[in-house]
Amino acid sequence: MITFPLDREPDGATLVYRPWGVRAIKLLVTSEVETAVLRIRPRAIKQTEADAGIFRASADDSDAFVISWGGGHEPGPCLKAEDYLVAFERCAALQPGDTSLIYFNLDHIGPDLPGEATVTIEAYDEKMGEVKATLPIRLQKPPAYNDSVVQFIQNGAVWQPQGTQVASYEPRWWPRPAVDYVPLATYPLQVRLDGKRLLVEWGGKTVAQITDHTDPTVLLPQSMRLELFEFDRSHLALRAWFFWLDKNIGSGHEVPDAERFDMLLRKQDGYVTLACTDMHWREMWAQIDGAPMEATLGMSRAAKLKLLTEGIAKVKAFFTGEKEADHDGVFSPVDGPAPLIPKQAARLGGGDFATRGKGAEAHLPTIINVVEQSDATTLKMVSSDVRLG
């Protein structure tokens, strides 16, 4: 986590980037004085792209990176966001002594592998057009990186991991100080795009499928990013990113935005035992019931109807705080997933196990075939609000 003080000169900030992968730039914004209603943005935004409806930035001195953000905030995230109407946000001022967490996605796209580069973040007054504070962040290539590190190579509509060294698992919202690598054995894994479905295949068998219900589709090779991690001795972790950065893909999509799925692939057979995604600043894990894992981007008409008729009251209760007392501290916003997730992975890492009744997570994106849990267990597999750190 990088501190960004608005009322003094910042200390030097460094972030190790992950070659061929996506890391969070996690900023803790502070001020000892009241601020105006400000927004945060990377400095190196190409105005020609923004004029054309594409919202992203690069490093100050390198085109090997794409810096993006979410929430549909075209001018950049709010310095501080307030929730309103259950699932929306609006900008607010920072009060003296208050803090705010801001997240950007740092995507290394290559082909260059800079030893160092710089990303400058600005806090600015959107109405006045004035930059109030700046924070230069020095990006560094991992000292442990070598030419054997895994990256996904695309051949037509198929992606396969190539390399013999793989990064250790890193949660999306909790970046670690270092990027390290461990040896990777050979596994029969590939990812294939089949129309509006993304198929994860293990030895020719589909072990997970993500179906796109957006119209027009956002399931495009140029909008995707795949990463592979070592999770534990029994699992690989496959992360699939989907970026909405171009308003021209269709007015029905929130732009800019990013969504992802993490899937724990059991090394002995590719079975997806656990998976996670995000909903309104919370990371949500689930145990998968049966193969293949099924998930969606966007919602089918039937799922939308179910949400409207059965789920609104539950969603509203969740976000208005009725469950907050039970929910706090399940995941630490600072430290990431509680020990439950690694323990669940260890339990599911070997052998077969009985499946139970199916449930569904009513959010976007959606994991369909999950094992129903008691309320207490479900809460332990959902993080607290990652903006509260």
# chains A, B, ... in the order shown; residues from 1 in each chain; ligands from 1
$ closest_atom_pairs --of "segment 44-137 of chain A" --to "segment 1-16 of chain A" --cutoff "7 Å" --atoms "only C-alpha atoms" --output "Markdown table"
| residue | atom | partner | partner_atom | distance |
| --- | --- | --- | --- | --- |
| A:Ala133 | CA | A:Leu6 | CA | 5.7 |
| A:Leu135 | CA | A:Phe4 | CA | 6.5 |
| A:Pro136 | CA | A:Ala13 | CA | 6.9 |
| A:Ile137 | CA | A:Ala13 | CA | 5.0 |
$ residues_around --residues "segment 62-69 of chain A" --least-positions-apart "4" --cutoff "10 Å" --atoms "only C-alpha atoms" --output "count of residues only"
44
$ residues_around --residues "Arg260 of chain A" --least-positions-apart "6" --cutoff "6 Å" --atoms "only C-alpha atoms" --output "count of residues only"
3
$ atom_distance --atom1 "atom CA of Ser168 of chain A" --atom2 "atom CA of Val182 of chain A"
6.8 Å
$ residues_around --residues "Arg266 of chain A" --least-positions-apart "5" --cutoff "7 Å" --atoms "only C-alpha atoms" --output "ChimeraX atom specification"
/A:234-236,271-273,349
$ closest_residue --among "A:Glu122, A:Glu254, A:Glu130, A:Asp51" --to "Leu27 of chain A" --atoms "only C-alpha atoms"
A:Glu122
$ select_by_dssp --residues "segment 116-307 of chain A" --states "strand (DSSP E)" --output "NGL selection string"
:A and (116-125 or 130-140 or 151-155 or 158-162 or 165-168 or 181-183 or 189-194 or 197-202 or 205-212 or 224-232 or 235-244 or 257-266 or 272-279 or 282-287 or 293-297)
$ closest_atom_pairs --of "segment 128-245 of chain A" --to "segment 282-294 of chain A" --cutoff "9 Å" --atoms "only C-alpha atoms" --output "tab-separated table"
residue	atom	partner	partner_atom	distance
A:Arg172	CA	A:Glu283	CA	8.8
A:Trp173	CA	A:Glu283	CA	8.4
A:Val200	CA	A:Pro292	CA	8.9
A:Lys205	CA	A:Pro292	CA	9.0
A:Thr206	CA	A:Pro292	CA	6.2
A:Val207	CA	A:Pro292	CA	4.3
A:Ala208	CA	A:Met293	CA	4.3
A:Gln209	CA	A:Glu294	CA	5.2
A:Ile210	CA	A:Glu294	CA	6.1
A:Thr211	CA	A:Glu294	CA	7.9
$ write_last_selection --atoms "N, CA and C atoms" --output "PDB file, in the first residue's frame"
ATOM      1  N   ARG A 172      -6.069 -10.101  -5.407  1.00  0.00           N
ATOM      2  CA  ARG A 172      -6.214  -8.894  -6.223  1.00  0.00           C
ATOM      3  C   ARG A 172      -6.069  -7.618  -5.401  1.00  0.00           C
ATOM      4  N   TRP A 173      -6.748  -7.558  -4.264  1.00  0.00           N
ATOM      5  CA  TRP A 173      -6.864  -6.293  -3.534  1.00  0.00           C
ATOM      6  C   TRP A 173      -5.742  -6.069  -2.534  1.00  0.00           C
ATOM      7  N   VAL A 200     -12.147 -23.031 -20.118  1.00  0.00           N
ATOM      8  CA  VAL A 200     -10.893 -23.477 -19.508  1.00  0.00           C
ATOM      9  C   VAL A 200     -10.842 -24.989 -19.670  1.00  0.00           C
ATOM     10  N   LYS A 205     -10.631 -31.562 -21.681  1.00  0.00           N
ATOM     11  CA  LYS A 205     -11.933 -31.547 -21.027  1.00  0.00           C
ATOM     12  C   LYS A 205     -12.201 -30.160 -20.450  1.00  0.00           C
ATOM     13  N   THR A 206     -13.416 -29.640 -20.643  1.00  0.00           N
ATOM     14  CA  THR A 206     -13.776 -28.332 -20.109  1.00  0.00           C
ATOM     15  C   THR A 206     -13.997 -28.420 -18.607  1.00  0.00           C
ATOM     16  N   VAL A 207     -13.203 -27.646 -17.841  1.00  0.00           N
ATOM     17  CA  VAL A 207     -13.328 -27.648 -16.384  1.00  0.00           C
ATOM     18  C   VAL A 207     -13.960 -26.357 -15.871  1.00  0.00           C
ATOM     19  N   ALA A 208     -14.052 -25.343 -16.730  1.00  0.00           N
ATOM     20  CA  ALA A 208     -14.728 -24.097 -16.360  1.00  0.00           C
ATOM     21  C   ALA A 208     -15.172 -23.401 -17.630  1.00  0.00           C
ATOM     22  N   GLN A 209     -16.322 -22.747 -17.559  1.00  0.00           N
ATOM     23  CA  GLN A 209     -16.760 -21.944 -18.691  1.00  0.00           C
ATOM     24  C   GLN A 209     -17.402 -20.652 -18.192  1.00  0.00           C
ATOM     25  N   ILE A 210     -17.036 -19.562 -18.848  1.00  0.00           N
ATOM     26  CA  ILE A 210     -17.578 -18.248 -18.538  1.00  0.00           C
ATOM     27  C   ILE A 210     -18.358 -17.792 -19.759  1.00  0.00           C
ATOM     28  N   THR A 211     -19.642 -17.572 -19.589  1.00  0.00           N
ATOM     29  CA  THR A 211     -20.518 -17.192 -20.692  1.00  0.00           C
ATOM     30  C   THR A 211     -20.825 -15.708 -20.606  1.00  0.00           C
TER      31      THR A 211
END
